[in-house]
Amino acid sequence: MSEATIRWISGPVLRAISHDDFYMHEAVLVGERGLQGEVVRLQADPPSGGQELTVQVFEETTGLRPGDRLRGEGHALSVRLGPGLLGHIFDGLLRPLAGGAERDFLTPGQSTRDKPLHPFQPLVAQGRILKGGEPFGAAQERSVTADGPDAVRVGQYCLVPPAWCGEVVWIAPAGHYDETTPLCILRDGTGQERSVAMSHTWPVRVPRPVAERLASGPPLLTGQRILDCLFPVARGGKATVPGGFGTGKTVLLETIAKWCNADVIVYLGCGERGNEMAGVLDEFPHLEDPRSGRPLMERMVIIANTSNMPVAAREASIYTGVTVAEYFRDQGLHVAVMADSTSRWAEALREVSGRLGELPGEGGYPAYLSTRLADFYERAARVQTLAGKGGSVTIIGAVSPPSSDFSEPVTTHTKRYVRNFWALDRKRAHARFYPAVDPLTSYSEDADLLASWWHARGNPNWGKQRRRFLTILEEQARLERMAMILGKEAMPPRQQLTLLVAGLLNEAFLRQSAFASKDRSASPQKQNRMMGLLDRFMELAEQAMANGMTVEQIQGLPILRRLQRMGEEIGDDELALFTPLEESMEKALSLP
């Protein structure tokens, strides 16, 4: 085992001298307490005749001093992936923050989890040839939708590590085992035998291999109309949610986590304030999964690394989260990663870079900020796994630009790697408009790819309606600037009608009430009916005006109030109520 002697320490960064061999990104244990760290730089040290290694430490370094020893572990920074992940809360190094055996705090140097027993059912027989990534047993299975022929289940399968393969020479019988107990022995072509357990380790900075990357698939439905209909994201896609303080980034990500149609949610609280993460940790365990009626935590993994935790661990936590997501993807599941927020992660990069003495770039961030963001977002994909199943990882990352300045480095670089930009507007947020997504600044590059999916769900005019809505909203912004000068009354009737229609579109479709049980989330069928109804209203209003009806008469129609309230008054299981509402609208806008 390689060893080195510390000669310099500055916060989470230290330098050490060694005559042994270390390599980049090797995991190390520092000092007598075995604090976890990672080698981030290697260079020759001629005075000592050895090499100088620079290490970032993921734990509090108080008490370390020059002369202390550190030792290499012989492998890259890795985490253990297995059946003990779902339903639990971890720190950035995948150490449990709750549920430990009579333990309230993480101890310095702690690197292992508790080892509860999990049910095991073998899926292969002796003599079977297994490839890397194939399941050899089932650990547990949980339904994430209502029971029935179309039920989706989160299968906790025991996978062969991706780099291994061979013939099964022994398989354990059904029973209860901990995640590190050998349950299968494989013999490869050279005659070497390897023991496989329920879990295995994987380096967090290395993407897990797949058989094939596929084109982006059906949409990741969020239940939020402005996102699903105007700015949809595909499964395996990448989206960012930039917004200043108080615009609702965390609330929106929590809402998506609850209502989206992903099989597994990995919620990554990266550098957020302790009180915000405390709220997340307190609320999520008590939420009911709307898809199954069971606790939502049964299909969630929460990784919490708050702003008062060691800064280097925050930098590693984002890779830990996406590695966990890839593990569930390799089991044939669709996973959504909520990273809140990548700005705090970039600040951790900036602090560590400063202590390393690196030349700063724009905003003080390191010059490799763009590369690191690309490494993270490019791990989102829809794939065919090594076992031949289909799975996906969708990444949604929040960005916290200072003073809502979208030209700052983190937002600018993030836009280069995502296909969906959901910008939160401060004015909308302060007006209690939820979701506060700005329809003029936001965009989706996945929309054209997903139009056929909506066509197959009974709305062949989805693309046309979407473009018409966005055009109306853009025209509203231009006319409102004009109205501030002239006044609405002085504007031509057609422009007044445009403002009326845009206001209805905002209130009836884009705004959703989290306090209304029928409006917290909207199914695709309900969204289609609402889009069709509002599109028809625009046509009827133009015809009515052409036939002599004034804007004031249209504005005074009682049907407008019913249209504004239809999201809160008609539930997903009451779609038949849209028919009499449409008939009333047709009657109200037709002249006698």
# chains A, B, ... in the order shown; residues from 1 in each chain; ligands from 1
>>> residues_around(residues="range 337-339 of chain A", least_positions_apart="5", cutoff="8 Å", atoms="only C-alpha atoms", output="ChimeraX atom specification")
/A:253,257,265-270,318,321-322,325,393-398
>>> write_last_selection(atoms="C-alpha atoms", output="mmCIF file, in the first residue's frame")
data_model
loop_
_atom_site.group_PDB
_atom_site.id
_atom_site.type_symbol
_atom_site.label_atom_id
_atom_site.label_comp_id
_atom_site.auth_asym_id
_atom_site.auth_seq_id
_atom_site.Cartn_x
_atom_site.Cartn_y
_atom_site.Cartn_z
ATOM 1 C CA LEU A 253 -37.790 20.522 -8.462
ATOM 2 C CA ALA A 257 -39.804 14.818 -8.232
ATOM 3 C CA ILE A 265 -35.831 9.818 -8.344
ATOM 4 C CA VAL A 266 -32.328 10.801 -7.248
ATOM 5 C CA TYR A 267 -32.613 14.141 -5.431
ATOM 6 C CA LEU A 268 -29.234 15.798 -5.063
ATOM 7 C CA GLY A 269 -29.097 18.705 -2.611
ATOM 8 C CA CYS A 270 -25.713 20.126 -3.537
ATOM 9 C CA ILE A 318 -22.757 15.523 -8.010
ATOM 10 C CA GLY A 321 -25.660 11.213 -7.567
ATOM 11 C CA VAL A 322 -25.388 10.518 -11.298
ATOM 12 C CA ALA A 325 -28.799 7.052 -11.231
ATOM 13 C CA VAL A 393 -31.183 9.014 -16.952
ATOM 14 C CA THR A 394 -32.741 12.475 -17.230
ATOM 15 C CA ILE A 395 -30.861 15.315 -15.533
ATOM 16 C CA ILE A 396 -32.562 18.499 -14.338
ATOM 17 C CA GLY A 397 -30.104 20.915 -12.757
ATOM 18 C CA ALA A 398 -30.970 24.141 -10.961
#
>>> residues_around(residues="range 570-573 of chain A", least_positions_apart="5", cutoff="12 Å", atoms="only C-alpha atoms", output="NGL selection string")
:A and (223 or 508 or 516-530 or 562-565 or 578-581)
>>> closest_residue(among="A:Pro492, A:Pro119, A:Gly74, A:Pro46", to="Leu29 in chain A", atoms="only C-alpha atoms")
A:Gly74
>>> residues_around(residues="Asp282 in chain A", least_positions_apart="6", cutoff="12 Å", atoms="only C-alpha atoms", output="VMD selection string")
chain A and resid 89 98 274 to 276 297 302
>>> closest_residue(among="A:Arg69, A:Arg344, A:Arg355, A:Arg432", to="Val410 in chain A", atoms="only C-alpha atoms")
A:Arg344
>>> residues_around(residues="Asp448 in chain A", least_positions_apart="2", cutoff="12 Å", atoms="only C-alpha atoms", output="number ranges by chain")
A: 216, 218-219, 229-234, 419, 443-446, 450-455, 462-464, 466-467
>>> residues_around(residues="Met549 in chain A", least_positions_apart="2", cutoff="12 Å", atoms="only C-alpha atoms", output="list of chain:residue names")
A:Pro493, A:Arg494, A:Leu497, A:Leu540, A:Ala541, A:Glu542, A:Gln543, A:Ala544, A:Met545, A:Ala546, A:Asn547, A:Val551, A:Glu552, A:Gln553, A:Ile554, A:Gln555, A:Gly556, A:Leu557, A:Ala588, A:Leu589, A:Ser590, A:Leu591, A:Pro592
>>> write_last_selection(atoms="C-alpha atoms", output="tab-separated table (two decimals), in the first residue's frame")
chain	number	residue	atom	x	y	z
A	493	PRO	CA	-59.59	46.34	-30.76
A	494	ARG	CA	-57.58	43.46	-32.25
A	497	LEU	CA	-58.23	41.09	-27.88
A	540	LEU	CA	-64.27	31.96	-31.68
A	541	ALA	CA	-63.22	35.30	-30.16
A	542	GLU	CA	-61.76	36.44	-33.49
A	543	GLN	CA	-64.91	35.37	-35.32
A	544	ALA	CA	-67.12	37.08	-32.77
A	545	MET	CA	-65.19	40.33	-33.14
A	546	ALA	CA	-65.45	40.07	-36.93
A	547	ASN	CA	-69.21	39.67	-36.52
A	551	VAL	CA	-63.75	43.35	-26.68
A	552	GLU	CA	-65.66	44.68	-23.65
A	553	GLN	CA	-68.53	42.27	-24.37
A	554	ILE	CA	-66.16	39.34	-24.70
A	555	GLN	CA	-64.38	40.33	-21.50
A	556	GLY	CA	-67.68	40.48	-19.63
A	557	LEU	CA	-68.78	36.96	-20.58
A	588	ALA	CA	-71.54	32.39	-25.45
A	589	LEU	CA	-69.35	33.53	-28.36
A	590	SER	CA	-71.98	33.10	-31.06
A	591	LEU	CA	-74.08	36.16	-31.87
A	592	PRO	CA	-77.89	35.79	-31.96
>>> residues_around(residues="Tyr177 in chain A", least_positions_apart="6", cutoff="7 Å", atoms="only C-alpha atoms", output="compact mmCIF listing (two decimals) with N, CA and C atoms, in the first residue's frame")
# COMPACT_ATOMS: atom_id res chain seq x y z
N LEU A 117 -30.06 -7.23 6.33
CA LEU A 117 -30.29 -8.38 5.47
C LEU A 117 -31.36 -8.05 4.43
N HIS A 118 -31.13 -8.52 3.21
CA HIS A 118 -32.08 -8.32 2.12
C HIS A 118 -32.50 -9.68 1.57
N PRO A 119 -33.76 -9.81 1.16
CA PRO A 119 -34.19 -11.08 0.56
C PRO A 119 -33.49 -11.29 -0.78
N PHE A 120 -33.11 -12.52 -1.05
CA PHE A 120 -32.42 -12.85 -2.29
C PHE A 120 -33.10 -14.04 -2.96
>>> residues_around(residues="Arg205 in chain A", least_positions_apart="2", cutoff="7 Å", atoms="only C-alpha atoms", output="mmCIF file with N, CA and C atoms, in the first residue's frame")
data_model
loop_
_atom_site.group_PDB
_atom_site.id
_atom_site.type_symbol
_atom_site.label_atom_id
_atom_site.label_comp_id
_atom_site.auth_asym_id
_atom_site.auth_seq_id
_atom_site.Cartn_x
_atom_site.Cartn_y
_atom_site.Cartn_z
ATOM 1 N N PRO A 203 -16.324 3.527 -9.619
ATOM 2 C CA PRO A 203 -15.751 4.876 -9.503
ATOM 3 C C PRO A 203 -16.732 5.938 -9.977
ATOM 4 N N PRO A 207 -18.308 7.081 -16.224
ATOM 5 C CA PRO A 207 -19.663 6.656 -16.625
ATOM 6 C C PRO A 207 -19.744 5.143 -16.752
ATOM 7 N N TYR A 319 -21.205 13.816 -8.799
ATOM 8 C CA TYR A 319 -20.837 12.598 -9.517
ATOM 9 C C TYR A 319 -21.405 11.366 -8.808
#
>>> closest_residue(among="A:Gly127, A:Gly246, A:Pro290, A:Gly236", to="His430 in chain A", atoms="only C-alpha atoms")
A:Gly246
>>> closest_residue(among="A:Ala477, A:Asp21, A:Glu539, A:His88", to="Ile303 in chain A", atoms="only C-alpha atoms")
A:His88
>>> select_by_dssp(residues="range 336-464 of chain A", states="helix (DSSP H, G or I)", output="short mmCIF file (atom, residue, chain, number, x, y, z; two decimals) with C-alpha atoms, in the first residue's frame")
data_model
loop_
_atom_site.label_atom_id
_atom_site.label_comp_id
_atom_site.auth_asym_id
_atom_site.auth_seq_id
_atom_site.Cartn_x
_atom_site.Cartn_y
_atom_site.Cartn_z
CA THR A 342 -25.07 23.27 -9.80
CA SER A 343 -24.10 26.86 -8.92
CA ARG A 344 -23.16 25.77 -5.39
CA TRP A 345 -21.22 22.88 -6.89
CA ALA A 346 -19.36 25.33 -9.15
CA GLU A 347 -18.58 27.48 -6.12
CA ALA A 348 -16.98 24.44 -4.51
CA LEU A 349 -14.87 23.99 -7.64
CA ARG A 350 -13.86 27.65 -7.39
CA GLU A 351 -12.81 27.39 -3.75
CA VAL A 352 -10.77 24.23 -4.22
CA SER A 353 -9.21 25.66 -7.39
CA GLY A 354 -8.15 28.78 -5.48
CA ARG A 355 -6.45 26.71 -2.79
CA GLU A 362 -14.31 34.45 -15.59
CA GLY A 363 -16.01 35.10 -12.27
CA GLY A 364 -13.13 33.44 -10.43
CA LEU A 369 -15.64 24.71 -15.36
CA SER A 370 -17.15 24.14 -18.80
CA THR A 371 -15.51 20.72 -19.10
CA ARG A 372 -16.75 19.61 -15.70
CA LEU A 373 -20.31 20.68 -16.52
CA ALA A 374 -20.10 18.74 -19.79
CA ASP A 375 -18.84 15.64 -17.93
CA PHE A 376 -21.92 15.81 -15.70
CA TYR A 377 -24.67 16.55 -18.21
CA PRO A 402 -26.57 36.14 -8.72
CA SER A 403 -29.25 38.82 -9.17
CA SER A 404 -30.88 36.62 -11.87
CA PRO A 409 -20.46 31.79 -16.27
CA VAL A 410 -22.37 28.85 -14.78
CA THR A 411 -25.61 29.66 -16.62
CA THR A 412 -23.81 30.46 -19.86
CA HIS A 413 -21.79 27.23 -19.89
CA THR A 414 -24.79 25.15 -18.80
CA LYS A 415 -26.82 26.39 -21.79
CA ARG A 426 -38.51 37.13 -10.56
CA LYS A 427 -41.56 39.28 -11.41
CA ARG A 428 -43.77 36.24 -11.89
CA ALA A 429 -42.54 34.70 -8.67
CA HIS A 430 -43.21 37.88 -6.69
CA ALA A 447 -40.34 19.83 -28.59
CA ASP A 448 -40.23 18.91 -32.29
CA LEU A 449 -38.99 15.41 -31.45
CA LEU A 450 -41.89 14.84 -29.04
CA ALA A 451 -44.71 16.16 -31.26
CA SER A 452 -45.47 12.67 -32.60
CA TRP A 453 -45.92 11.40 -29.03
CA TRP A 454 -48.61 14.00 -28.40
CA HIS A 455 -50.21 13.29 -31.78
CA ALA A 456 -50.53 9.64 -30.76
CA TRP A 462 -50.25 19.88 -30.58
CA GLY A 463 -47.33 21.47 -32.43
CA LYS A 464 -49.53 24.08 -34.05
#
>>> atom_distance(atom1="CA of Glu254 in chain A", atom2="CA of Met277 in chain A")
11.3 Å
>>> atom_distance(atom1="CA of Glu60 in chain A", atom2="CA of Gly84 in chain A")
26.3 Å
>>> atom_distance(atom1="CA of Ser317 in chain A", atom2="CA of Ala215 in chain A")
27.8 Å
>>> closest_residue(among="A:Glu408, A:Asp228, A:Glu288, A:Asp438", to="Trp422 in chain A", atoms="only C-alpha atoms")
A:Asp438
>>> select_by_dssp(residues="range 214-447 of chain A", states="strand (DSSP E or B)", output="number ranges by chain")
A: 214, 219, 234, 238-242, 264-270, 288, 295, 300-305, 334-340, 360, 366, 381-384, 390-399, 420-421, 424, 437, 443-444
>>> closest_residue(among="A:Ser400, A:Thr5, A:Asn420, A:Asn308", to="Gly271 in chain A", atoms="only C-alpha atoms")
A:Asn308
